[in-house]
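Chemist: Compact mmCIF, C-alpha atoms, file entry12.txt:
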# COMPACT_ATOMS: atom_id res chain seq x y z
CA MET A 1219 2.09 43.92 7.90
CA ALA A 1220 4.45 41.54 9.74
CA LYS A 1221 1.79 41.01 12.43
CA ILE A 1222 -0.84 40.19 9.81
CA ARG A 1223 1.47 37.64 8.23
CA GLY A 1224 2.13 36.17 11.66
CA VAL A 1225 -1.58 35.82 12.37
CA GLY A 1226 -2.13 34.23 8.96
CA LYS A 1227 0.65 31.73 9.61
CA LEU A 1228 -0.79 30.91 13.04
CA LEU A 1229 -4.27 30.37 11.59
CA ARG A 1230 -2.92 28.05 8.90
CA ARG A 1231 -0.95 26.11 11.52
CA SER A 1232 -3.96 25.84 13.83
CA TRP A 1233 -6.17 24.63 11.00
CA LEU A 1234 -3.65 21.98 9.97
CA GLU A 1235 -3.18 20.75 13.54
CA GLY A 1236 -6.92 20.51 14.05
CA ALA A 1237 -7.46 18.76 10.74
CA ILE A 1238 -4.76 16.18 11.45
CA ASP A 1239 -6.09 15.50 14.95
CA THR A 1240 -9.62 15.06 13.62
CA TYR A 1241 -8.56 12.67 10.89
CA LEU A 1242 -6.46 10.58 13.25
CA LEU A 1243 -8.95 10.39 16.10
CA GLU A 1244 -12.06 9.73 13.98
CA ARG A 1245 -10.51 7.06 11.77
CA VAL A 1246 -12.55 3.87 11.92
CA ASP A 1247 -9.60 1.48 11.87
CA PHE A 1248 -7.50 3.54 14.24
CA THR A 1249 -8.26 1.24 17.18
CA ASP A 1250 -5.19 -0.80 16.26
CA ARG A 1251 -2.80 1.72 17.76
CA ASP A 1252 0.23 -0.53 17.33
CA LYS A 1253 -0.30 -0.76 13.58
CA LEU A 1254 2.73 0.62 11.78
CA LEU A 1255 2.44 3.78 9.76
CA LEU A 1256 3.44 2.57 6.29
CA ILE A 1257 2.61 3.37 2.67
CA HIS A 1258 1.01 0.48 0.81
CA ALA A 1259 2.76 -0.36 -2.45
CA SER A 1260 -0.52 -0.27 -4.38
CA GLU A 1261 -1.03 3.42 -3.46
CA LEU A 1262 2.17 4.71 -5.04
CA LEU A 1263 0.55 5.36 -8.41
CA ASP A 1264 -1.31 8.27 -6.74
CA GLU A 1265 0.06 11.77 -6.30
CA PRO A 1266 2.12 12.44 -3.13
CA GLU A 1267 -0.57 14.80 -1.78
CA LYS A 1268 -3.22 12.06 -1.88
CA ILE A 1269 -0.84 9.49 -0.40
CA PHE A 1270 -0.01 11.85 2.47
CA TRP A 1271 -3.62 12.54 3.47
CA ARG A 1272 -4.53 8.87 3.29
CA LEU A 1273 -1.49 7.97 5.37
CA ILE A 1274 -2.31 10.31 8.24
CA GLY A 1275 -5.92 9.23 8.40
CA GLN A 1276 -8.24 10.98 5.97
CA VAL A 1277 -11.08 8.45 5.81
CA GLU A 1278 -11.37 8.20 2.07
CA GLU A 1279 -11.83 4.43 2.37
CA GLY A 1280 -14.03 4.63 5.46
CA LYS A 1281 -17.35 4.18 3.66
CA ALA A 1282 -18.98 0.77 3.84
CA PRO A 1283 -18.14 -1.25 0.71
CA SER A 1284 -20.95 -1.77 -1.77
CA ALA A 1285 -22.41 -5.20 -2.47
CA ARG A 1286 -20.72 -5.15 -5.87
CA LEU A 1287 -17.33 -4.41 -4.32
CA LYS A 1288 -17.79 -7.23 -1.82
CA ARG A 1289 -18.60 -9.65 -4.64
CA MET A 1290 -15.51 -8.54 -6.53
CA PHE A 1291 -13.37 -9.10 -3.45
CA ASP A 1292 -14.88 -12.57 -2.91
CA ASP A 1293 -14.26 -13.45 -6.57
CA GLY A 1294 -10.64 -12.38 -6.28
CA LEU A 1295 -10.17 -14.35 -3.07
CA ASP A 1296 -11.64 -17.48 -4.65
CA VAL A 1297 -9.24 -17.13 -7.60
CA GLN A 1298 -6.30 -16.62 -5.23
CA ARG A 1299 -7.12 -19.74 -3.20
CA ARG A 1300 -7.63 -21.85 -6.31
CA TYR A 1301 -4.33 -20.88 -7.94
CA ILE A 1302 -2.46 -21.39 -4.69
CA ARG A 1303 -3.80 -24.95 -4.72
CA TYR A 1304 -2.77 -25.35 -8.38
CA PHE A 1305 0.75 -24.05 -7.76
CA ARG A 1306 1.13 -26.20 -4.66
CA SER A 1307 0.10 -29.34 -6.51
CA MET A 1308 2.54 -28.41 -9.32
CA GLY A 1309 5.35 -28.13 -6.78
CA ILE A 1310 6.23 -24.54 -7.70
CA LEU A 1311 4.56 -22.61 -4.84
CA ASP A 1312 6.84 -20.72 -2.46
CA GLU A 1313 5.39 -21.03 1.04
CA PRO A 1314 7.15 -18.78 3.58
CA GLU A 1315 6.73 -19.79 7.19
CA GLY A 1316 3.62 -18.39 8.87
CA TRP A 1317 2.07 -16.78 5.79
CA ASN A 1318 -1.69 -16.28 5.54
CA GLU A 1319 -2.98 -17.52 2.17
CA ASP A 1320 -5.94 -15.12 2.19
CA GLU A 1321 -3.91 -12.04 3.11
CA GLY A 1322 -0.92 -12.82 0.89
CA ILE A 1323 2.77 -12.55 1.66
CA GLU A 1324 3.54 -9.39 3.63
CA ILE A 1325 6.81 -7.71 2.76
CA ILE A 1326 8.17 -4.37 4.01
CA ASP A 1327 10.86 -2.04 2.72
CA TRP A 1328 12.02 -0.29 5.90
CA LYS A 1329 14.19 2.18 4.00
CA TYR A 1330 11.26 3.68 2.11
CA GLY A 1331 8.46 2.85 4.56
CA ILE A 1332 6.51 0.75 2.04
CA ILE A 1333 4.44 -2.36 2.71
CA GLY A 1334 2.99 -4.81 0.18
CA HIS A 1335 0.91 -7.99 0.21
CA ILE A 1336 1.86 -10.30 -2.64
CA ASP A 1337 -0.85 -12.78 -3.66
CA CYS A 1338 1.71 -15.57 -3.90
CA ARG A 1339 5.17 -16.48 -5.20
CA ILE A 1340 6.25 -19.26 -7.52
CA TRP A 1341 9.56 -20.87 -8.42
CA THR A 1342 10.47 -20.67 -12.11
CA PRO A 1343 12.36 -23.42 -14.02
CA GLU A 1344 15.50 -21.25 -13.66
CA GLY A 1345 15.21 -21.49 -9.90
CA ILE A 1346 14.09 -17.86 -9.51
CA ARG A 1347 11.38 -16.95 -7.02
CA VAL A 1348 8.97 -14.37 -8.49
CA PRO A 1349 5.73 -12.66 -7.35
CA VAL A 1350 2.35 -13.42 -8.89
CA GLU A 1351 -0.60 -11.00 -8.87
CA LEU A 1352 -3.97 -12.64 -9.57
CA LYS A 1353 -6.92 -10.73 -11.07
CA ALA A 1354 -10.49 -11.90 -11.72
CA TYR A 1355 -12.51 -10.24 -14.51
CA GLY A 1356 -15.86 -10.62 -16.20
CA ASP A 1357 -16.04 -11.32 -19.96
CA ASP A 1358 -15.78 -7.70 -21.14
CA LEU A 1359 -12.94 -6.69 -18.85
CA PHE A 1360 -11.05 -9.90 -19.50
CA ARG A 1361 -11.14 -9.27 -23.25
CA ARG A 1362 -9.98 -5.70 -22.65
CA TYR A 1363 -7.07 -6.51 -20.33
CA ARG A 1364 -5.96 -10.00 -21.28
CA TYR A 1365 -3.10 -8.73 -23.48
CA ARG A 1366 -2.75 -5.11 -22.34
CA PRO A 1367 -3.18 -5.09 -18.56
CA ARG A 1368 -4.43 -2.14 -16.57
CA VAL A 1369 -1.82 0.50 -15.73
CA ASP A 1370 -2.54 0.34 -11.99
CA HIS A 1371 -2.19 -3.43 -11.96
CA VAL A 1372 1.17 -3.26 -13.74
CA HIS A 1373 2.32 -0.54 -11.33
CA GLN A 1374 1.23 -2.63 -8.34
CA LEU A 1375 3.16 -5.64 -9.62
CA GLN A 1376 6.22 -3.48 -10.32
CA MET A 1377 6.26 -2.45 -6.66
CA TYR A 1378 5.97 -6.09 -5.58
CA ILE A 1379 8.86 -6.94 -7.92
CA CYS A 1380 10.82 -4.15 -6.22
CA LEU A 1381 9.93 -5.26 -2.68
CA ASP A 1382 10.73 -8.87 -3.57
CA ASP A 1383 13.98 -7.94 -5.36
CA ALA A 1384 12.86 -10.01 -8.36
CA PRO A 1385 13.79 -9.61 -12.05
CA TYR A 1386 10.18 -10.01 -13.15
CA GLY A 1387 6.74 -11.15 -12.03
CA TYR A 1388 3.49 -12.46 -13.44
CA LEU A 1389 0.08 -10.89 -13.80
CA LEU A 1390 -2.45 -13.68 -14.06
CA PRO A 1391 -5.86 -12.43 -15.25
CA GLU A 1392 -8.71 -14.93 -15.25
CA ASN A 1393 -12.15 -14.76 -16.84
CA LYS A 1394 -14.30 -15.65 -13.86
CA ASN A 1395 -17.13 -16.80 -16.16
CA ASN A 1396 -15.19 -19.59 -17.89
CA GLN A 1397 -11.80 -19.65 -16.06
CA GLU A 1398 -9.87 -18.75 -19.22
CA ILE A 1399 -6.46 -17.35 -18.30
CA ASN A 1400 -3.65 -15.44 -19.96
CA PRO A 1401 -0.50 -15.14 -17.79
CA ILE A 1402 1.52 -12.00 -18.57
CA LYS A 1403 5.22 -11.86 -17.75
CA VAL A 1404 6.11 -8.35 -16.54
CA LYS A 1405 9.79 -7.42 -16.50
CA ARG A 1406 11.19 -5.16 -13.83
CA ASP A 1407 10.96 -1.49 -14.88
CA ASP A 1408 13.30 0.67 -12.80
CA VAL A 1409 11.86 3.88 -14.27
CA ILE A 1410 8.44 3.10 -12.75
CA ILE A 1411 9.96 1.83 -9.52
CA ASN A 1412 12.28 4.80 -8.99
CA ALA A 1413 9.44 7.27 -9.61
CA ALA A 1414 7.36 5.53 -6.96
CA LEU A 1415 10.22 5.46 -4.46
CA THR A 1416 10.75 9.20 -5.03
CA LYS A 1417 7.10 9.76 -4.09
CA ALA A 1418 7.57 7.73 -0.91
CA VAL A 1419 10.56 9.88 0.08
CA GLU A 1420 8.52 13.05 -0.56
CA VAL A 1421 5.61 11.83 1.55
CA TRP A 1422 7.81 10.83 4.49
CA SER A 1423 9.61 14.17 4.33
CA ARG A 1424 6.25 15.89 4.66
CA VAL A 1425 5.22 13.62 7.53
CA LYS A 1426 8.42 14.56 9.34
CA SER A 1427 8.10 18.29 8.73
CA GLU A 1428 4.36 18.67 9.41
CA LEU A 1429 3.79 16.11 12.17
CA GLY A 1430 6.92 16.76 14.20
CA GLY A 1431 8.73 13.62 13.08
CA SER A 1432 7.47 10.11 12.50
CA TYR A 1433 8.83 7.49 10.16
CA VAL A 1434 7.59 3.90 10.16
CA GLU A 1435 6.34 4.28 13.72
CA PRO A 1436 3.29 2.81 15.48
CA ARG A 1437 0.23 5.04 15.13
CA SER A 1438 0.11 5.39 18.92
CA LYS A 1439 3.51 7.10 18.81
CA LEU A 1440 2.24 9.47 16.11
CA LEU A 1441 -0.62 10.50 18.39
CA ASN A 1442 1.85 10.99 21.21
CA LEU A 1443 3.99 13.22 19.01
CA LEU A 1444 0.98 15.35 18.16
CA THR A 1445 -0.05 15.67 21.82
CA ARG A 1446 3.43 16.62 22.97
CA SER A 1447 3.85 19.19 20.21
CA ARG A 1448 0.55 20.85 21.24
CA SER A 1449 1.78 21.14 24.84
CA GLY A 1450 5.03 22.77 23.77
CA VAL A 1451 7.23 19.72 24.37
CA ASP A 1452 9.88 19.07 21.77
CA PRO A 1453 8.87 15.66 20.31
CA GLU A 1454 12.46 14.96 19.24
CA ARG A 1455 13.93 15.55 22.72
CA LYS A 1456 14.25 12.44 24.84
CA SER A 1457 13.44 12.61 28.53
CA THR A 1458 16.33 12.24 30.95
Using structure tokens, write down the structure that the file contains.

Modeler:
Amino acid sequence: MAKIRGVGKLLRRSWLEGAIDTYLLERVDFTDRDKLLLIHASELLDEPEKIFWRLIGQVEEGKAPSARLKRMFDDGLDVQRRYIRYFRSMGILDEPEGWNEDEGIEIIDWKYGIIGHIDCRIWTPEGIRVPVELKAYGDDLFRRYRYRPRVDHVHQLQMYICLDDAPYGYLLPENKNNQEINPIKVKRDDVIINAALTKAVEVWSRVKSELGGSYVEPRSKLLNLLTRSRSGVDPERKST
């Protein structure tokens, strides 16, 4: 019976190793081997299992985007550029050195291994710098979410509030058909934030236990860890 259990354990281990290798090596965007292994803030509404598989390379997002999705992205980018111009002309735009207006403001929490891209920041009359998340909707969706925003959008902004160490932030939905807007002030909710951070800790614990140890490391190092573990080399032991 012990031998059967041992064989079963070996088969499960072999399957997992092969699956991880396949996901990592076949990933379309894996050519950037110096890209850090980080959890994006917008993903932390998902379950830890889903976050883990996406993190190590399951190509859930690898399909070519549809024409509709591309149009939605372009609409959102147009809104982002326009409001950045508005805020700049109003004198309330925070412009960190070297930021890319199209990609947003990148901010990383090294403790929890989380990365976020904030659309922009503004200075409030109280002298507080807060994040702004811009959303473009058609007529129907704008009417639906203008006063009660989508749960995932609120969650995303909460994580940006956390990463930015801000007391609140703004969701700014716009009707892309007539440019009607309804800014929504979203106060920091530590219940939501702490639940998301707990997920991040769980995911990184699993990465460490199942991949031989890797936390906020370049993807190339993750591949090296996998290769060394296959050859029987302890990935945690440094060469002398």

Chemist: With 10 Å as the cut-off and only C-alpha atoms counted, what is the closest atom pair between each nearby residue of segment 1331-1389 of chain A and segment 1308-1322 of chain A? Distances in Å to one decimal, ordered by chain and number, as CSV.

Modeler:
residue,atom,partner,partner_atom,distance
A:Gly1334,CA,A:Gly1322,CA,8.9
A:His1335,CA,A:Gly1322,CA,5.2
A:Ile1336,CA,A:Gly1322,CA,5.2
A:Asp1337,CA,A:Gly1322,CA,4.6
A:Cys1338,CA,A:Gly1322,CA,6.1
A:Arg1339,CA,A:Asp1312,CA,5.3
A:Ile1340,CA,A:Leu1311,CA,4.6
A:Trp1341,CA,A:Ile1310,CA,5.0
A:Thr1342,CA,A:Ile1310,CA,7.2
A:Pro1343,CA,A:Ile1310,CA,8.9
A:Gly1345,CA,A:Ile1310,CA,9.7
A:Arg1347,CA,A:Asp1312,CA,7.5
A:Val1348,CA,A:Asp1312,CA,9.0
A:Pro1349,CA,A:Asp1312,CA,9.5
A:Glu1351,CA,A:Gly1322,CA,9.9

Chemist: Can I get the residues of segment 1394-1420 of chain A within 7 Å of segment 1371-1381 of chain A, each with the closest pair of atoms and their distance in Å to one decimal, using only C-alpha atoms, sorted chain first then ascending number, as a tab-separated table?

Modeler:
residue	atom	partner	partner_atom	distance
A:Arg1406	CA	A:Gln1376	CA	6.3
A:Asp1407	CA	A:Gln1376	CA	6.9
A:Ile1411	CA	A:Met1377	CA	6.3

Chemist: Give me, as JSON, numbers by chain, all polymer residues having an atom no more than 12 Å from Ala1354 of chain A, counting all atoms listed in the file and skipping those fewer than 2 positions away in the same chain.

Modeler: {"A": [1289, 1290, 1291, 1292, 1293, 1294, 1295, 1296, 1297, 1298, 1300, 1301, 1351, 1352, 1356, 1357, 1358, 1359, 1360, 1361, 1363, 1364, 1371, 1389, 1390, 1391, 1392, 1393, 1394, 1395, 1396, 1397, 1398, 1399, 1400]}

Chemist: Have a look at atom CA of Ile1332 of chain A and atom CA of Ile1269 of chain A and let me know their distance in Å, one decimal.

Modeler: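 Rounded to one decimal, the two atoms are 11.7 Å apart.
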
Chemist: Record the distance separating atom CA of Ser1423 of chain A and atom CA of Asp1408 of chain A, expressed in Å with one decimal.

Modeler: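 Taking atom CA of Ser1423 of chain A and atom CA of Asp1408 of chain A, their separation equals 22.1 Å.
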
Chemist: Pick out the closest residue to Trp1271 of chain A from this set: A:Arg1366, A:Ser1427, A:Val1421, A:Tyr1388. Count only C-alpha atoms.

Modeler: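 Among A:Arg1366, A:Ser1427, A:Val1421, A:Tyr1388, it is A:Val1421 that comes nearest to Trp1271 of chain A.
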
Chemist: Have a look at A:Pro1385, A:Val1419, A:Asp1327, A:Arg1368 and name the one nearest to Glu1344 of chain A; count only C-alpha atoms.

Modeler: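 Checking each candidate against Glu1344 of chain A, we get A:Pro1385 as the closest.
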
Chemist: Taking only C-alpha atoms into account, which of A:Ala1384, A:Ala1418, A:Ala1413, A:Leu1273 comes nearest Val1350 of chain A?

Modeler: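 Among A:Ala1384, A:Ala1418, A:Ala1413, A:Leu1273, it is A:Ala1384 that comes nearest to Val1350 of chain A.
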
Chemist: Measure the distance from atom CA of Lys1426 of chain A to atom CA of Ala1414 of chain A in Å and round it to one decimal.

Modeler: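 Atom CA of Ala1414 of chain A lies 18.7 Å from atom CA of Lys1426 of chain A.
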